[in-house]
Amino acid sequence: AQKVTQAQTEISVVEKEDVTLDCVYETRDTTYYLFWYKQPPSGELVFLIRRNSFDEQNEISGRYSWNFQKSTSSFNFTITASQVVDSAVYFCALSEIRSYNTDKLIFGTGTRLQVFP
Amino acid sequence: KAGVTQTPRYLIKTRGQQVTLSCSPISGHRSVSWYQQTPGQGLQFLFEYFSETQRNKGNFPGRFSGRQFSNSRSEMNVSTLELGDSALYLCASSLGQGGSEAFFGQGTRLTVV
């Protein structure tokens with residue numbers, strides 16, 4: 001079964017704290033992609049990162065970093081020195097492509113991050 | 001380059017009516033996917049169109065349909081609206097190569113009264 005679990009419904013932090021958003025996925029495919037999206041109050045989903053199943057290297061982009069571990073089926077997202085502008089709902093998503101070519105995304109339930117000044 | 005454009009941004013309809021939502025993808029993108037977002041069900045996949053053909057479909061009733069035109073623009077239609085169809089409908093544009101990065105529009109917020 002294909003599934004993405006984001007167990008943290010809501011996280012509140014004070015500005016400059018580091019915060020990690022957890023994502024656990026389930027898939028029977030060996031070839032897949034994992035994504036993180038940010039949804040600010042305006043509603044649009046903003047693409048943050050895509051990682052394929054063969055690349056377990058961690059990635060860092062400014063204050064953002066991602067830790068992909070196939071052994072635990074996790075793809076966690078860390079924001080370092082959080083800022084108020086990071087307040088949003090963050091979604092983890094899975095795309096399976098072995099069965100047929102598709103860009104269909106399976107989303108987790110999202111984690112609402114509130115960063116207080 | 002221009003992003004994904006969805007129209008209209010807001011809609012209020014009455015139960016039993018039908019509605020058509022429009023999505024213009026990023027130039028060069030051949031895949032358009034539609035998602036429904038509600039507080040209770042989260043983000044759910046409706047369907048995906050690629051080169052004017054539906055190549056994937058989610059678990060939604062037949063009242064939900066879509067199409068894609070030769071210029072990759074897509075429309076989705078919901079007939080016989082129900083209160084439960086009230087949601088944010090998001091369109092995603094991508095290259096369609098399998099696991100491609102998907103870029104989303106701002107969505108159409110549909111309210112059924």
# chains A, B, ... in the order shown; residues from 1 in each chain; ligands from 1

$ closest_atom_pairs --of "chain A" --to "chain B" --cutoff "9 Å" --atoms "only C-alpha atoms" --output "tab-separated table"
residue	atom	partner	partner_atom	distance
A:Tyr32	CA	B:Gly99	CA	7.1
A:Tyr33	CA	B:Gly99	CA	5.8
A:Leu34	CA	B:Gly99	CA	8.5
A:Phe35	CA	B:Glu101	CA	8.4
A:Ser42	CA	B:Gln106	CA	7.3
A:Gly43	CA	B:Gln106	CA	5.9
A:Glu44	CA	B:Gln106	CA	4.2
A:Leu45	CA	B:Phe104	CA	5.6
A:Val46	CA	B:Phe104	CA	7.0
A:Phe47	CA	B:Phe103	CA	6.5
A:Ile49	CA	B:Glu101	CA	8.4
A:Arg50	CA	B:Glu101	CA	6.9
A:Asn52	CA	B:Gly99	CA	8.5
A:Leu94	CA	B:Gly99	CA	8.6
A:Ser95	CA	B:Gly99	CA	5.5
A:Glu96	CA	B:Gly99	CA	6.9
A:Ile97	CA	B:Gly98	CA	5.5
A:Arg98	CA	B:Gly98	CA	8.6
A:Tyr100	CA	B:Gly98	CA	7.8
A:Asn101	CA	B:Gly98	CA	4.6
A:Thr102	CA	B:Gly98	CA	4.6
A:Asp103	CA	B:Gly99	CA	4.8
A:Lys104	CA	B:Glu48	CA	6.9
A:Leu105	CA	B:Phe45	CA	7.1
A:Ile106	CA	B:Phe45	CA	7.3
A:Phe107	CA	B:Leu43	CA	6.2
A:Gly108	CA	B:Leu43	CA	7.9
A:Thr109	CA	B:Gly42	CA	5.8
A:Gly110	CA	B:Gly42	CA	8.0

$ write_last_selection --atoms "N, CA and C atoms" --output "compact mmCIF listing (two decimals), in the first residue's frame"
# COMPACT_ATOMS: atom_id res chain seq x y z
N TYR A 32 10.82 5.50 -6.80
CA TYR A 32 9.84 6.50 -6.39
C TYR A 32 10.54 7.81 -6.10
N TYR A 33 9.73 8.84 -5.98
CA TYR A 33 10.24 10.16 -5.62
C TYR A 33 9.53 10.63 -4.35
N LEU A 34 10.24 11.40 -3.58
CA LEU A 34 9.68 12.03 -2.38
C LEU A 34 9.79 13.53 -2.52
N PHE A 35 8.80 14.22 -1.98
CA PHE A 35 8.72 15.67 -2.13
C PHE A 35 8.36 16.31 -0.79
N SER A 42 -1.98 31.70 1.77
CA SER A 42 -2.56 32.02 0.45
C SER A 42 -3.10 30.78 -0.25
N GLY A 43 -2.66 29.59 0.15
CA GLY A 43 -3.22 28.36 -0.38
C GLY A 43 -2.39 27.64 -1.42
N GLU A 44 -1.52 28.34 -2.11
CA GLU A 44 -0.73 27.71 -3.16
C GLU A 44 0.31 26.78 -2.55
N LEU A 45 0.50 25.63 -3.13
CA LEU A 45 1.54 24.70 -2.67
C LEU A 45 2.85 25.08 -3.34
N VAL A 46 3.85 25.34 -2.53
CA VAL A 46 5.15 25.76 -3.04
C VAL A 46 6.12 24.59 -2.97
N PHE A 47 6.70 24.25 -4.11
CA PHE A 47 7.64 23.13 -4.19
C PHE A 47 8.92 23.48 -3.42
N ILE A 49 11.43 20.52 -2.48
CA ILE A 49 12.48 19.59 -2.85
C ILE A 49 11.87 18.32 -3.43
N ARG A 50 12.64 17.67 -4.29
CA ARG A 50 12.32 16.35 -4.81
C ARG A 50 13.55 15.47 -4.64
N ASN A 52 14.91 11.33 -5.37
CA ASN A 52 14.56 10.01 -5.87
C ASN A 52 15.05 8.91 -4.94
N LEU A 94 4.63 11.50 -1.94
CA LEU A 94 5.28 10.36 -2.59
C LEU A 94 4.75 10.22 -4.01
N SER A 95 5.65 9.91 -4.94
CA SER A 95 5.23 9.64 -6.31
C SER A 95 5.86 8.32 -6.74
N GLU A 96 5.03 7.33 -7.05
CA GLU A 96 5.52 6.02 -7.49
C GLU A 96 5.51 5.99 -9.01
N ILE A 97 6.60 5.53 -9.60
CA ILE A 97 6.63 5.58 -11.06
C ILE A 97 6.95 4.25 -11.71
N ARG A 98 7.11 3.20 -10.93
CA ARG A 98 7.48 1.93 -11.55
C ARG A 98 6.35 1.34 -12.36
N TYR A 100 3.59 2.71 -13.84
CA TYR A 100 3.34 3.42 -15.10
C TYR A 100 3.80 4.85 -14.92
N ASN A 101 4.04 5.49 -16.00
CA ASN A 101 4.47 6.88 -15.92
C ASN A 101 3.34 7.74 -15.38
N THR A 102 3.58 8.37 -14.30
CA THR A 102 2.59 9.26 -13.72
C THR A 102 3.29 10.27 -12.84
N ASP A 103 2.71 11.43 -12.73
CA ASP A 103 3.20 12.44 -11.80
C ASP A 103 2.27 12.57 -10.60
N LYS A 104 1.41 11.57 -10.42
CA LYS A 104 0.46 11.59 -9.30
C LYS A 104 1.21 11.66 -7.97
N LEU A 105 0.74 12.52 -7.09
CA LEU A 105 1.34 12.67 -5.77
C LEU A 105 0.39 12.13 -4.70
N ILE A 106 0.99 11.40 -3.75
CA ILE A 106 0.24 10.95 -2.58
C ILE A 106 0.76 11.78 -1.41
N PHE A 107 -0.14 12.53 -0.81
CA PHE A 107 0.27 13.47 0.22
C PHE A 107 0.04 12.93 1.62
N GLY A 108 0.87 13.38 2.53
CA GLY A 108 0.60 13.19 3.95
C GLY A 108 -0.43 14.21 4.40
N THR A 109 -0.79 14.15 5.66
CA THR A 109 -1.84 15.03 6.18
C THR A 109 -1.33 16.42 6.53
N GLY A 110 -0.04 16.61 6.44
CA GLY A 110 0.51 17.93 6.67
C GLY A 110 0.85 18.21 8.12

$ residues_around --residues "region 63-66 of chain B" --least-positions-apart "6" --cutoff "7 Å" --atoms "only C-alpha atoms" --output "MDAnalysis selection string"
chainID B and resid 75:80

$ residues_around --residues "Val14 (chain A)" --least-positions-apart "6" --cutoff "10 Å" --atoms "only C-alpha atoms" --output "tab-separated table (two decimals) with C-alpha atoms, in the first residue's frame"
chain	number	residue	atom	x	y	z
A	81	ALA	CA	17.00	29.08	12.96
A	82	SER	CA	13.30	29.29	12.15
A	83	GLN	CA	11.70	32.58	11.18
A	84	VAL	CA	8.14	33.87	11.36
A	114	GLN	CA	3.78	28.18	13.79
A	115	VAL	CA	6.83	30.29	14.48
A	116	PHE	CA	6.34	32.96	17.12
A	117	PRO	CA	8.51	36.09	17.37

$ atom_distance --atom1 "CA of Arg67 (chain B)" --atom2 "CA of Pro8 (chain B)"
16.9 Å

$ closest_residue --among "A:Thr111, A:Pro41, A:Asp55, A:Ser61" --to "Ala7 (chain A)" --atoms "only C-alpha atoms"
A:Thr111

$ residues_around --residues "Arg112 (chain A)" --least-positions-apart "5" --cutoff "10 Å" --atoms "only C-alpha atoms" --output "PyMOL selection string"
chain A and resi 8-12+21+38-40+87-91

$ write_last_selection --atoms "N, CA and C atoms" --output "PDB file, in the first residue's frame"
ATOM      1  N   GLN A   8       3.081  14.517  13.156  1.00  0.00           N
ATOM      2  CA  GLN A   8       2.991  15.803  13.869  1.00  0.00           C
ATOM      3  C   GLN A   8       1.923  16.664  13.194  1.00  0.00           C
ATOM      4  N   THR A   9       0.848  16.907  13.905  1.00  0.00           N
ATOM      5  CA  THR A   9      -0.224  17.715  13.334  1.00  0.00           C
ATOM      6  C   THR A   9       0.134  19.191  13.374  1.00  0.00           C
ATOM      7  N   GLU A  10       0.670  19.600  14.505  1.00  0.00           N
ATOM      8  CA  GLU A  10       1.000  21.005  14.668  1.00  0.00           C
ATOM      9  C   GLU A  10       2.240  21.143  15.544  1.00  0.00           C
ATOM     10  N   ILE A  11       3.113  22.063  15.159  1.00  0.00           N
ATOM     11  CA  ILE A  11       4.321  22.341  15.948  1.00  0.00           C
ATOM     12  C   ILE A  11       4.416  23.847  16.141  1.00  0.00           C
ATOM     13  N   SER A  12       4.705  24.255  17.366  1.00  0.00           N
ATOM     14  CA  SER A  12       4.915  25.672  17.652  1.00  0.00           C
ATOM     15  C   SER A  12       6.320  25.866  18.193  1.00  0.00           C
ATOM     16  N   LEU A  21      10.492  18.376  10.922  1.00  0.00           N
ATOM     17  CA  LEU A  21       9.190  17.834  10.537  1.00  0.00           C
ATOM     18  C   LEU A  21       9.410  16.410  10.040  1.00  0.00           C
ATOM     19  N   LYS A  38       5.382  23.442   0.725  1.00  0.00           N
ATOM     20  CA  LYS A  38       4.971  24.401   1.751  1.00  0.00           C
ATOM     21  C   LYS A  38       3.676  25.058   1.284  1.00  0.00           C
ATOM     22  N   GLN A  39       2.713  25.160   2.191  1.00  0.00           N
ATOM     23  CA  GLN A  39       1.456  25.824   1.868  1.00  0.00           C
ATOM     24  C   GLN A  39       1.234  26.995   2.808  1.00  0.00           C
ATOM     25  N   PRO A  40       1.531  28.207   2.357  1.00  0.00           N
ATOM     26  CA  PRO A  40       1.270  29.393   3.177  1.00  0.00           C
ATOM     27  C   PRO A  40      -0.229  29.670   3.197  1.00  0.00           C
ATOM     28  N   SER A  87       6.211  30.077   8.972  1.00  0.00           N
ATOM     29  CA  SER A  87       4.892  29.618   9.420  1.00  0.00           C
ATOM     30  C   SER A  87       4.047  29.232   8.215  1.00  0.00           C
ATOM     31  N   ALA A  88       3.601  27.994   8.200  1.00  0.00           N
ATOM     32  CA  ALA A  88       2.851  27.451   7.065  1.00  0.00           C
ATOM     33  C   ALA A  88       2.490  26.013   7.392  1.00  0.00           C
ATOM     34  N   VAL A  89       1.779  25.390   6.459  1.00  0.00           N
ATOM     35  CA  VAL A  89       1.557  23.949   6.556  1.00  0.00           C
ATOM     36  C   VAL A  89       2.529  23.283   5.577  1.00  0.00           C
ATOM     37  N   TYR A  90       3.203  22.256   6.049  1.00  0.00           N
ATOM     38  CA  TYR A  90       4.184  21.566   5.231  1.00  0.00           C
ATOM     39  C   TYR A  90       3.702  20.154   4.929  1.00  0.00           C
ATOM     40  N   PHE A  91       3.777  19.810   3.648  1.00  0.00           N
ATOM     41  CA  PHE A  91       3.328  18.503   3.204  1.00  0.00           C
ATOM     42  C   PHE A  91       4.491  17.693   2.644  1.00  0.00           C
TER      43      PHE A  91
END

$ select_by_dssp --residues "chain B" --states "strand (DSSP E or B)" --output "count of residues only"
60

$ atom_distance --atom1 "CA of Glu52 (chain B)" --atom2 "CA of Leu110 (chain B)"
24.8 Å
